[in-house]
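Listing of run.pdb, PDB, C-alpha atoms
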```pdb
ATOM      1  CA  MET H   1      -4.347 -17.717 -14.859
ATOM      2  CA  THR H   2      -2.499 -14.422 -15.044
ATOM      3  CA  ALA H   3      -2.600 -12.356 -11.865
ATOM      4  CA  ARG H   4      -4.057  -8.899 -12.549
ATOM      5  CA  ILE H   5      -2.473  -6.328 -10.253
ATOM      6  CA  GLY H   6      -3.861  -2.805 -10.115
ATOM      7  CA  VAL H   7      -1.581   0.199  -9.600
ATOM      8  CA  ILE H   8      -3.453   3.332  -8.532
ATOM      9  CA  THR H   9      -2.305   6.685  -9.900
ATOM     10  CA  PHE H  10      -2.935   9.716  -7.657
ATOM     11  CA  PRO H  11      -2.199  13.371  -8.509
ATOM     12  CA  GLY H  12       1.534  13.531  -7.772
ATOM     13  CA  SER H  13       2.284   9.806  -8.028
ATOM     14  CA  LEU H  14       5.772   9.265  -9.465
ATOM     15  CA  ASP H  15       6.451   5.545  -9.408
ATOM     16  CA  ASP H  16       3.170   4.185 -10.747
ATOM     17  CA  VAL H  17       4.688   3.342 -14.132
ATOM     18  CA  ASP H  18       7.684   1.677 -12.467
ATOM     19  CA  ALA H  19       5.318  -0.399 -10.317
ATOM     20  CA  ARG H  20       3.385  -1.515 -13.405
ATOM     21  CA  ARG H  21       6.686  -2.425 -15.099
ATOM     22  CA  ALA H  22       7.695  -4.459 -12.020
ATOM     23  CA  VAL H  23       4.412  -6.386 -12.144
ATOM     24  CA  ARG H  24       4.963  -7.122 -15.836
ATOM     25  CA  LEU H  25       8.581  -8.255 -15.337
ATOM     26  CA  ALA H  26       7.453 -10.543 -12.507
ATOM     27  CA  GLY H  27       4.944 -12.245 -14.795
ATOM     28  CA  GLY H  28       1.725 -10.480 -13.836
ATOM     29  CA  GLU H  29      -0.661  -8.265 -15.774
ATOM     30  CA  PRO H  30      -0.510  -4.655 -14.580
ATOM     31  CA  VAL H  31      -3.771  -2.685 -14.559
ATOM     32  CA  ALA H  32      -3.667   1.122 -14.377
ATOM     33  CA  LEU H  33      -6.274   2.444 -11.913
ATOM     34  CA  TRP H  34      -7.305   6.042 -11.223
ATOM     35  CA  HIS H  35      -7.746   7.685  -7.803
ATOM     36  CA  GLY H  36     -10.951   9.468  -8.791
ATOM     37  CA  SER H  37     -12.767   6.272  -9.756
ATOM     38  CA  HIS H  38     -14.715   3.837  -7.578
ATOM     39  CA  ASP H  39     -13.841   0.898  -9.843
ATOM     40  CA  LEU H  40     -11.083  -1.600  -9.034
ATOM     41  CA  GLU H  41     -11.758  -3.237 -12.432
ATOM     42  CA  GLY H  42     -11.772  -6.725 -10.965
ATOM     43  CA  VAL H  43      -8.063  -6.805 -10.087
ATOM     44  CA  ASP H  44      -6.635  -9.550  -7.851
ATOM     45  CA  ALA H  45      -4.213  -7.305  -5.918
ATOM     46  CA  LEU H  46      -3.404  -3.607  -5.477
ATOM     47  CA  ILE H  47      -0.318  -1.425  -5.306
ATOM     48  CA  LEU H  48      -0.316   2.117  -3.904
ATOM     49  CA  PRO H  49       2.784   3.626  -5.539
ATOM     50  CA  GLY H  50       5.423   6.105  -4.415
ATOM     51  CA  GLY H  51       5.524   9.804  -5.132
ATOM     52  CA  PHE H  52       4.225  12.989  -3.548
ATOM     53  CA  SER H  53       0.466  12.805  -3.872
ATOM     54  CA  TYR H  54      -1.110  16.237  -3.395
ATOM     55  CA  GLY H  55       2.383  17.644  -2.812
ATOM     56  CA  ASP H  56       2.460  15.998   0.645
ATOM     57  CA  TYR H  57       0.057  18.784   1.739
ATOM     58  CA  LEU H  58      -1.526  18.391   5.195
ATOM     59  CA  ARG H  59       0.485  15.215   5.925
ATOM     60  CA  ALA H  60       2.213  12.830   3.517
ATOM     61  CA  GLY H  61      -0.462  10.499   2.125
ATOM     62  CA  ALA H  62      -3.283  12.138   4.112
ATOM     63  CA  ILE H  63      -5.305  13.609   1.248
ATOM     64  CA  ALA H  64      -4.740  10.589  -0.999
ATOM     65  CA  ALA H  65      -6.098   8.400   1.810
ATOM     66  CA  LEU H  66      -9.410  10.264   1.351
ATOM     67  CA  ALA H  67      -9.529   9.774  -2.452
ATOM     68  CA  PRO H  68     -12.706   8.211  -3.908
ATOM     69  CA  ILE H  69     -11.047   4.887  -4.802
ATOM     70  CA  MET H  70      -9.730   4.469  -1.245
ATOM     71  CA  ALA H  71     -13.205   3.398  -0.076
ATOM     72  CA  GLU H  72     -12.917   0.363  -2.351
ATOM     73  CA  VAL H  73      -9.257  -0.149  -1.390
ATOM     74  CA  LYS H  74     -10.193  -0.294   2.309
ATOM     75  CA  ASP H  75     -12.989  -2.773   1.666
ATOM     76  CA  ALA H  76     -10.724  -4.945  -0.488
ATOM     77  CA  ALA H  77      -7.915  -4.849   2.095
ATOM     78  CA  ARG H  78     -10.304  -5.837   4.881
ATOM     79  CA  GLY H  79     -11.598  -8.618   2.650
ATOM     80  CA  GLY H  80      -8.110 -10.096   2.291
ATOM     81  CA  MET H  81      -6.955  -8.759  -1.090
ATOM     82  CA  PRO H  82      -3.144  -8.356  -1.269
ATOM     83  CA  VAL H  83      -2.303  -4.633  -0.990
ATOM     84  CA  LEU H  84       1.239  -3.240  -1.161
ATOM     85  CA  GLY H  85       1.998   0.384  -0.227
ATOM     86  CA  ILE H  86       5.382   1.682  -1.321
ATOM     87  CA  CYS H  87       6.764   4.905   0.214
ATOM     88  CA  ASN H  88       3.923   7.412  -0.350
ATOM     89  CA  GLY H  89       1.676   4.340  -0.602
ATOM     90  CA  PHE H  90       2.852   3.216   2.867
ATOM     91  CA  GLN H  91       2.030   6.705   4.144
ATOM     92  CA  MET H  92      -1.466   6.344   2.630
ATOM     93  CA  LEU H  93      -1.937   2.968   4.346
ATOM     94  CA  VAL H  94      -1.152   4.396   7.800
ATOM     95  CA  GLU H  95      -3.321   7.467   7.121
ATOM     96  CA  ALA H  96      -6.157   5.118   6.076
ATOM     97  CA  HIS H  97      -5.609   3.132   9.321
ATOM     98  CA  LEU H  98      -4.925  -0.063   7.382
ATOM     99  CA  LEU H  99      -1.542  -0.224   9.146
ATOM    100  CA  PRO H 100      -0.725   1.178  12.628
ATOM    101  CA  GLY H 101       1.464   4.155  13.526
ATOM    102  CA  GLY H 102       2.544   7.145  11.466
ATOM    103  CA  LEU H 103       5.350   8.556   9.326
ATOM    104  CA  ILE H 104       6.960  11.929   9.975
ATOM    105  CA  ARG H 105       9.772  14.039   8.514
ATOM    106  CA  ASN H 106      13.167  12.279   8.566
ATOM    107  CA  ALA H 107      14.925  12.994  11.874
ATOM    108  CA  HIS H 108      17.821  14.738  10.062
ATOM    109  CA  GLN H 109      15.368  16.860   7.977
ATOM    110  CA  GLN H 110      17.009  15.823   4.698
ATOM    111  CA  PHE H 111      15.621  14.010   1.696
ATOM    112  CA  ILE H 112      17.605  10.790   1.440
ATOM    113  CA  ARG H 113      18.349   8.570  -1.552
ATOM    114  CA  ARG H 114      20.490   5.491  -1.227
ATOM    115  CA  ASP H 115      20.572   1.773  -1.819
ATOM    116  CA  GLN H 116      19.292   0.448   1.491
ATOM    117  CA  ARG H 117      20.069  -2.834   3.234
ATOM    118  CA  LEU H 118      17.005  -4.385   4.866
ATOM    119  CA  ARG H 119      16.285  -7.506   6.869
ATOM    120  CA  VAL H 120      13.121  -9.399   5.944
ATOM    121  CA  GLU H 121      11.385  -9.941   9.299
ATOM    122  CA  SER H 122       8.212 -11.651   8.138
ATOM    123  CA  THR H 123       7.783 -14.066   5.246
ATOM    124  CA  SER H 124       4.187 -15.111   5.992
ATOM    125  CA  THR H 125       2.655 -12.290   3.948
ATOM    126  CA  ALA H 126       1.288 -12.059   0.415
ATOM    127  CA  TRP H 127       4.246  -9.902  -0.639
ATOM    128  CA  THR H 128       7.194 -11.583   1.117
ATOM    129  CA  ALA H 129       6.613 -15.341   0.775
ATOM    130  CA  ASP H 130       9.450 -15.724  -1.757
ATOM    131  CA  PHE H 131      12.031 -14.416   0.759
ATOM    132  CA  ALA H 132      13.808 -16.421   3.454
ATOM    133  CA  ASP H 133      13.232 -15.501   7.108
ATOM    134  CA  GLY H 134      15.884 -13.006   8.193
ATOM    135  CA  GLU H 135      17.197 -12.610   4.648
ATOM    136  CA  GLU H 136      19.169  -9.449   3.878
ATOM    137  CA  ILE H 137      18.124  -7.569   0.755
ATOM    138  CA  VAL H 138      19.107  -4.279  -0.899
ATOM    139  CA  ILE H 139      16.575  -1.985  -2.595
ATOM    140  CA  PRO H 140      16.553   1.787  -3.149
ATOM    141  CA  LEU H 141      15.282   4.171  -0.467
ATOM    142  CA  LYS H 142      14.261   7.741  -1.350
ATOM    143  CA  ASN H 143      12.050   9.895   0.826
ATOM    144  CA  ALA H 144      11.692  12.950   3.024
ATOM    145  CA  ASP H 145       8.994  11.676   5.395
ATOM    146  CA  GLY H 146      10.181   8.200   6.332
ATOM    147  CA  GLY H 147      10.481   8.400  10.101
ATOM    148  CA  TYR H 148       8.238   5.685  11.515
ATOM    149  CA  ILE H 149       6.645   6.491  14.862
ATOM    150  CA  ALA H 150       3.998   4.999  17.112
ATOM    151  CA  ASP H 151       3.187   5.322  20.798
ATOM    152  CA  ALA H 152       4.761   2.884  23.239
ATOM    153  CA  ASP H 153       1.678   0.637  23.477
ATOM    154  CA  THR H 154       1.293   0.403  19.691
ATOM    155  CA  LEU H 155       4.990  -0.284  19.247
ATOM    156  CA  ALA H 156       4.864  -3.054  21.867
ATOM    157  CA  ARG H 157       1.851  -4.585  20.091
ATOM    158  CA  ILE H 158       3.546  -4.390  16.666
ATOM    159  CA  GLU H 159       6.628  -6.137  18.000
ATOM    160  CA  GLY H 160       4.651  -8.632  20.116
ATOM    161  CA  GLU H 161       2.438  -9.704  17.218
ATOM    162  CA  GLY H 162       5.315  -9.879  14.732
ATOM    163  CA  LEU H 163       3.945  -7.134  12.478
ATOM    164  CA  VAL H 164       7.350  -5.719  11.511
ATOM    165  CA  ALA H 165       7.929  -6.844   7.922
ATOM    166  CA  PHE H 166      11.279  -5.111   7.231
ATOM    167  CA  ARG H 167      13.968  -3.476   9.354
ATOM    168  CA  TYR H 168      16.761  -1.134   8.276
ATOM    169  CA  LEU H 169      20.254  -2.594   8.587
ATOM    170  CA  GLY H 170      23.304  -0.403   9.195
ATOM    171  CA  VAL H 171      22.793   3.276  10.022
ATOM    172  CA  ASN H 172      19.120   4.104  10.580
ATOM    173  CA  PRO H 173      18.377   6.399   7.594
ATOM    174  CA  ASN H 174      15.517   8.465   9.048
ATOM    175  CA  GLY H 175      15.093   7.981  12.788
ATOM    176  CA  SER H 176      12.409   5.286  12.490
ATOM    177  CA  LEU H 177      11.622   3.695  15.854
ATOM    178  CA  ASN H 178      13.030   0.173  16.245
ATOM    179  CA  ASP H 179      14.600   0.583  12.771
ATOM    180  CA  ILE H 180      11.187  -0.190  11.250
ATOM    181  CA  ALA H 181      11.217   0.056   7.443
ATOM    182  CA  GLY H 182       7.954  -1.735   6.739
ATOM    183  CA  LEU H 183       4.908  -3.304   8.374
ATOM    184  CA  ARG H 184       2.313  -5.977   7.666
ATOM    185  CA  ASN H 185      -1.206  -6.349   9.009
ATOM    186  CA  GLU H 186      -2.333  -9.281  11.179
ATOM    187  CA  ARG H 187      -3.691 -11.189   8.188
ATOM    188  CA  GLY H 188      -0.574 -10.621   6.076
ATOM    189  CA  ASN H 189      -2.377  -9.346   2.973
ATOM    190  CA  VAL H 190      -1.471  -5.675   3.575
ATOM    191  CA  VAL H 191       2.215  -4.694   3.533
ATOM    192  CA  GLY H 192       3.699  -1.200   3.511
ATOM    193  CA  LEU H 193       7.319  -0.053   3.384
ATOM    194  CA  MET H 194       9.314   3.090   2.709
ATOM    195  CA  PRO H 195      12.006   1.629   0.375
ATOM    196  CA  HIS H 196      11.205   0.918  -3.273
ATOM    197  CA  PRO H 197      11.168  -2.713  -4.469
ATOM    198  CA  GLU H 198       9.908  -1.630  -7.915
ATOM    199  CA  HIS H 199      13.290   0.022  -8.593
ATOM    200  CA  ALA H 200      15.174  -3.262  -8.180
ATOM    201  CA  VAL H 201      13.526  -5.644 -10.636
ATOM    202  CA  GLU H 202      15.723  -5.679 -13.745
ATOM    203  CA  GLU H 203      19.468  -6.221 -14.161
ATOM    204  CA  GLY H 204      21.165  -3.073 -15.380
ATOM    205  CA  PHE H 205      18.720  -0.813 -13.533
ATOM    206  CA  GLY H 206      18.930  -1.921  -9.884
ATOM    207  CA  PRO H 207      21.300  -1.340  -6.954
ATOM    208  CA  ASP H 208      24.946  -2.366  -7.244
ATOM    209  CA  THR H 209      25.829  -5.823  -5.982
ATOM    210  CA  ARG H 210      29.190  -7.488  -5.303
ATOM    211  CA  LEU H 211      28.834  -9.252  -8.644
ATOM    212  CA  ALA H 212      28.130  -6.345 -10.945
ATOM    213  CA  MET H 213      27.027  -2.725 -11.018
ATOM    214  CA  ARG H 214      23.254  -2.163 -11.008
ATOM    215  CA  SER H 215      22.531  -5.873 -11.050
ATOM    216  CA  GLY H 216      20.392  -5.966  -7.894
ATOM    217  CA  VAL H 217      16.931  -7.439  -8.401
ATOM    218  CA  ASP H 218      15.886  -8.096  -4.772
ATOM    219  CA  GLY H 219      12.697  -6.123  -5.312
ATOM    220  CA  ARG H 220      11.385  -8.597  -7.838
ATOM    221  CA  ARG H 221      10.339 -11.153  -5.250
ATOM    222  CA  PHE H 222       7.769  -8.784  -3.707
ATOM    223  CA  PHE H 223       5.827  -9.097  -6.937
ATOM    224  CA  THR H 224       6.542 -12.779  -7.642
ATOM    225  CA  SER H 225       5.363 -13.583  -4.076
ATOM    226  CA  ALA H 226       1.976 -11.977  -4.662
ATOM    227  CA  ILE H 227       1.587 -13.429  -8.145
ATOM    228  CA  ALA H 228       2.440 -16.954  -6.936
ATOM    229  CA  SER H 229      -0.072 -16.755  -4.079
ATOM    230  CA  LEU H 230      -2.806 -15.494  -6.410
ATOM    231  CA  VAL H 231      -2.135 -18.162  -9.019
ATOM    232  CA  ALA H 232      -2.089 -20.865  -6.324
ATOM    233  CA  ALA H 233      -5.416 -19.646  -4.937
ATOM    234  CA  ALA H 234      -7.087 -19.559  -8.352
TER     235      ALA H 234
ATOM    236  CA  MET G   1     -16.926  36.713   8.521
ATOM    237  CA  PRO G   2     -16.641  34.235  11.411
ATOM    238  CA  THR G   3     -13.690  31.881  11.303
ATOM    239  CA  ILE G   4     -13.084  28.717  13.263
ATOM    240  CA  VAL G   5      -9.407  28.343  14.136
ATOM    241  CA  VAL G   6      -8.051  24.848  14.678
ATOM    242  CA  ASP G   7      -4.601  24.412  16.218
ATOM    243  CA  VAL G   8      -2.767  21.118  15.808
ATOM    244  CA  MET G   9       0.551  20.236  17.452
ATOM    245  CA  PRO G  10       2.833  17.224  17.171
ATOM    246  CA  LYS G  11       2.453  15.006  20.229
ATOM    247  CA  ALA G  12       4.695  16.168  23.065
ATOM    248  CA  GLU G  13       6.305  12.766  23.553
ATOM    249  CA  LEU G  14       7.247  12.375  19.884
ATOM    250  CA  LEU G  15      10.180  13.873  18.052
ATOM    251  CA  ASP G  16       9.433  17.132  16.182
ATOM    252  CA  PRO G  17      12.289  17.295  13.641
ATOM    253  CA  GLN G  18      11.252  20.746  12.338
ATOM    254  CA  GLY G  19      11.131  22.278  15.814
ATOM    255  CA  LYS G  20      14.477  20.734  16.635
ATOM    256  CA  ALA G  21      16.031  22.240  13.482
ATOM    257  CA  VAL G  22      14.718  25.715  14.384
ATOM    258  CA  ALA G  23      15.966  25.348  17.965
ATOM    259  CA  GLY G  24      19.405  24.511  16.544
ATOM    260  CA  ALA G  25      19.332  27.610  14.320
ATOM    261  CA  LEU G  26      18.425  29.838  17.298
ATOM    262  CA  THR G  27      21.344  28.446  19.259
ATOM    263  CA  ARG G  28      23.671  29.266  16.368
ATOM    264  CA  LEU G  29      22.304  32.859  16.384
ATOM    265  CA  GLY G  30      23.261  33.154  20.024
ATOM    266  CA  VAL G  31      19.638  33.206  21.233
ATOM    267  CA  ASP G  32      19.613  31.258  24.477
ATOM    268  CA  SER G  33      16.303  32.402  26.008
ATOM    269  CA  PHE G  34      14.341  29.349  24.800
ATOM    270  CA  SER G  35      14.973  25.770  25.809
ATOM    271  CA  GLY G  36      12.913  24.280  22.980
ATOM    272  CA  VAL G  37      10.850  24.972  19.853
ATOM    273  CA  ARG G  38       7.899  22.963  18.572
ATOM    274  CA  ILE G  39       6.089  23.629  15.308
ATOM    275  CA  GLY G  40       2.394  22.971  14.785
ATOM    276  CA  LYS G  41      -0.302  23.931  12.318
ATOM    277  CA  ARG G  42      -3.105  26.497  12.370
ATOM    278  CA  PHE G  43      -6.167  25.979  10.185
ATOM    279  CA  GLU G  44      -8.690  28.753   9.544
ATOM    280  CA  LEU G  45     -12.127  27.459   8.570
ATOM    281  CA  VAL G  46     -14.165  30.308   7.102
ATOM    282  CA  VAL G  47     -17.908  30.168   7.777
ATOM    283  CA  ASP G  48     -20.599  31.920   5.735
ATOM    284  CA  GLY G  49     -23.140  33.184   8.275
ATOM    285  CA  ASP G  50     -23.262  32.406  11.986
ATOM    286  CA  VAL G  51     -21.405  29.596  13.698
ATOM    287  CA  ASP G  52     -24.029  27.354  15.262
ATOM    288  CA  ASP G  53     -23.504  24.255  17.406
ATOM    289  CA  GLU G  54     -23.731  21.975  14.384
ATOM    290  CA  THR G  55     -21.017  23.873  12.488
ATOM    291  CA  LEU G  56     -18.766  23.825  15.516
ATOM    292  CA  ALA G  57     -19.392  20.104  15.979
ATOM    293  CA  THR G  58     -18.491  19.524  12.321
ATOM    294  CA  ALA G  59     -15.299  21.558  12.789
ATOM    295  CA  ARG G  60     -14.369  19.458  15.844
ATOM    296  CA  ARG G  61     -15.043  16.261  13.920
ATOM    297  CA  ILE G  62     -12.921  17.153  10.885
ATOM    298  CA  ALA G  63     -10.207  18.531  13.182
ATOM    299  CA  ALA G  64      -9.973  15.079  14.752
ATOM    300  CA  GLU G  65     -10.489  12.979  11.621
ATOM    301  CA  VAL G  66      -8.869  14.939   8.780
ATOM    302  CA  LEU G  67      -6.864  17.965   9.929
ATOM    303  CA  SER G  68      -4.884  15.908  12.451
ATOM    304  CA  ASN G  69      -3.636  12.345  12.713
ATOM    305  CA  ASP G  70      -4.102  11.243  16.313
ATOM    306  CA  VAL G  71      -1.187   8.853  16.012
ATOM    307  CA  ILE G  72       1.291  11.706  15.702
ATOM    308  CA  GLU G  73      -0.615  14.916  16.567
ATOM    309  CA  ASP G  74      -3.038  16.471  19.063
ATOM    310  CA  VAL G  75      -5.795  18.988  18.347
ATOM    311  CA  VAL G  76      -5.022  21.581  21.019
ATOM    312  CA  SER G  77      -7.895  23.986  20.321
ATOM    313  CA  VAL G  78     -10.966  24.642  18.171
ATOM    314  CA  GLU G  79     -12.116  28.251  18.645
ATOM    315  CA  VAL G  80     -14.410  30.709  16.934
ATOM    316  CA  VAL G  81     -12.906  34.100  16.095
ATOM    317  CA  GLU G  82     -14.906  36.902  14.493
TER     318      GLU G  82
END
```
Would it be possible to restate this file's structure as structure tokens?
Amino acid sequence: MTARIGVITFPGSLDDVDARRAVRLAGGEPVALWHGSHDLEGVDALILPGGFSYGDYLRAGAIAALAPIMAEVKDAARGGMPVLGICNGFQMLVEAHLLPGGLIRNAHQQFIRRDQRLRVESTSTAWTADFADGEEIVIPLKNADGGYIADADTLARIEGEGLVAFRYLGVNPNGSLNDIAGLRNERGNVVGLMPHPEHAVEEGFGPDTRLAMRSGVDGRRFFTSAIASLVAAA
Amino acid sequence: MPTIVVDVMPKAELLDPQGKAVAGALTRLGVDSFSGVRIGKRFELVVDGDVDDETLATARRIAAEVLSNDVIEDVVSVEVVE
């Protein structure tokens, strides 16, 4: 079986094509989906890509979270389908209440772009199974609204239930509470993060590593994790 | 034409980076009368005809569900202005 992974394009999505390329390089079949449709076209997993849907009007991800296809995305996520939200996609997942908390303007008010060190905090999810617990990875980060916040009770629950999927290492890039870079849901099928795994999937086009410039491919295992779990379940 | 005004503010206990940036700019201008600045949003919902209870209830509902995100913001008022 070939895993079919849908990537939804919203008005203002930027990284939908990169996400489809990442799926292809990881061995899956990318399927382009459209925000205005109610049809998931029978895909096995979903990616909500990065960008600035609706110009970040109202709140980042807020209007996209109300798009027609999001009704089907919510049902699929609650039914256990693997769903990955990257950057603007992560913002959509919190606006759609599929993940807890919220994302606000970076504490320093600046757009930031850098290769970001992360620690993988949870490997029992559909999108992180190919990582080692506590592994350090480097993938690009680029956003304006990446500050993760939640009230004290929610934050205590997230930490208590082990729902932090990724934490920033080194200087906190945006003021996120507890250095949170990404979250998972209780079931582990829904994962959202601000940094961009789809930009670190092919040598020559990824972050620098100690071995060679632009050779970083740590993002690839997000996609191989999901594909392996789907193939195993088939 | 009647208008329903909805005011939304970032939660008091959470960081408001925009307000903090403006407060910093005021300090640089030598304005020291204000100890803090917070920035919220004002929505004007224009109504054709009279505002009845149902319209107001709808405005309150979308203020809570769409215009604000209760994780990070509070709806501080929903008022009818002529």
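Here the PyMOL selection byres ((chain G) within 12 of (chain H)) catches exactly these residues: Val8, Pro10, Lys11, Ala12, Glu13, Leu14, Leu15, Asp16, Pro17, Gln18, Gly19, Lys20, Ala21, Val22, Gly24, Gly40, Lys41, Arg42, Phe43, Ala63, Glu65, Val66, Leu67, Ser68, Asn69, Asp70, Val71, Ile72 and Glu73 of chain G.
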Closest of H:Ile5, H:Val73, H:Val138, H:Leu230 to His199 in chain H - atom-to-atom distances counting all atoms listed in the file: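 Result for the nearest residue to His199 in chain H: H:Val138.
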Contacts of Asp50 in chain G within 12 Å, all atoms listed in the file, excl. fewer than 5 positions in-chain, as an MDAnalysis selection string: chainID G and resid 1:4 55:56 80:82
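Residue nearest Gly51 in chain H, chosen from H:Met194, H:Leu25, H:Leu118, H:Ala76 and counting only C-alpha atoms: H:Met194.
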If I wrap all listed atoms of range 85-90 of chain H in a box with edges along x, y and z and add 5 Å on each side, what are its centre and edge lengths in Å to one decimal, as AutoDock Vina command-line options?
```
--center_x 4.2 --center_y 3.9 --center_z 0.8 --size_x 15.1 --size_y 17.0 --size_z 14.2
```
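You will find CA of Tyr168 in chain H at 21.9 Å from CA of Phe205 in chain H.
Here the PyMOL selection byres ((chain H and resi 42) around 10) captures the residues Arg4, Ile5, Gly6, Val31, Asp39, Leu40, Glu41, Val43, Asp44 and Ala45 of chain H.
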Take the residues from that selection and write them out as a CSV table (one decimal), in the frame of the given file, keeping C-alpha atoms.
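Saved result, selection_28.csv, follows:
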```csv
chain,number,residue,atom,x,y,z
H,4,ARG,CA,-4.1,-8.9,-12.5
H,5,ILE,CA,-2.5,-6.3,-10.3
H,6,GLY,CA,-3.9,-2.8,-10.1
H,31,VAL,CA,-3.8,-2.7,-14.6
H,39,ASP,CA,-13.8,0.9,-9.8
H,40,LEU,CA,-11.1,-1.6,-9.0
H,41,GLU,CA,-11.8,-3.2,-12.4
H,43,VAL,CA,-8.1,-6.8,-10.1
H,44,ASP,CA,-6.6,-9.6,-7.9
H,45,ALA,CA,-4.2,-7.3,-5.9
```
Ground truth for the PyMOL selection byres ((chain H and resi 211-214) around 12), written as a list in words: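 Residues picked by the PyMOL selection byres ((chain H and resi 211-214) around 12): Asp115, Val138, Ile139, Pro140, His199, Ala200, Val201, Glu202, Glu203, Gly204, Phe205, Gly206, Pro207, Asp208, Thr209, Arg210, Ser215, Gly216, Val217 and Asp218 of chain H.
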Fill-in result for range 54-70 of chain G, N, CA and C atoms as a compact mmCIF listing (two decimals), keeping the file's coordinate frame:
```
# COMPACT_ATOMS: atom_id res chain seq x y z
N GLU G 54 -23.97 23.03 15.37
CA GLU G 54 -23.73 21.98 14.38
C GLU G 54 -22.43 22.25 13.61
N THR G 55 -22.24 23.52 13.22
CA THR G 55 -21.02 23.87 12.49
C THR G 55 -19.79 23.63 13.34
N LEU G 56 -19.89 24.01 14.61
CA LEU G 56 -18.77 23.82 15.52
C LEU G 56 -18.48 22.33 15.72
N ALA G 57 -19.57 21.56 15.81
CA ALA G 57 -19.39 20.10 15.98
C ALA G 57 -18.73 19.51 14.74
N THR G 58 -19.12 20.00 13.56
CA THR G 58 -18.49 19.52 12.32
C THR G 58 -17.01 19.89 12.31
N ALA G 59 -16.70 21.12 12.75
CA ALA G 59 -15.30 21.56 12.79
C ALA G 59 -14.49 20.65 13.73
N ARG G 60 -15.08 20.34 14.88
CA ARG G 60 -14.37 19.46 15.84
C ARG G 60 -14.14 18.08 15.24
N ARG G 61 -15.16 17.61 14.50
CA ARG G 61 -15.04 16.26 13.92
C ARG G 61 -13.96 16.23 12.85
N ILE G 62 -13.95 17.20 11.93
CA ILE G 62 -12.92 17.15 10.88
C ILE G 62 -11.54 17.49 11.45
N ALA G 63 -11.50 18.27 12.53
CA ALA G 63 -10.21 18.53 13.18
C ALA G 63 -9.59 17.22 13.66
N ALA G 64 -10.45 16.36 14.21
CA ALA G 64 -9.97 15.08 14.75
C ALA G 64 -9.71 14.05 13.65
N GLU G 65 -10.56 14.08 12.60
CA GLU G 65 -10.49 12.98 11.62
C GLU G 65 -9.64 13.30 10.39
N VAL G 66 -9.55 14.59 10.03
CA VAL G 66 -8.87 14.94 8.78
C VAL G 66 -7.67 15.87 9.02
N LEU G 67 -7.91 16.96 9.77
CA LEU G 67 -6.86 17.96 9.93
C LEU G 67 -5.71 17.47 10.78
N SER G 68 -5.96 16.47 11.63
CA SER G 68 -4.88 15.91 12.45
C SER G 68 -4.88 14.40 12.30
N ASN G 69 -3.76 13.80 12.64
CA ASN G 69 -3.64 12.34 12.71
C ASN G 69 -3.33 12.03 14.16
N ASP G 70 -4.27 11.41 14.86
CA ASP G 70 -4.10 11.24 16.31
C ASP G 70 -2.96 10.32 16.70
```
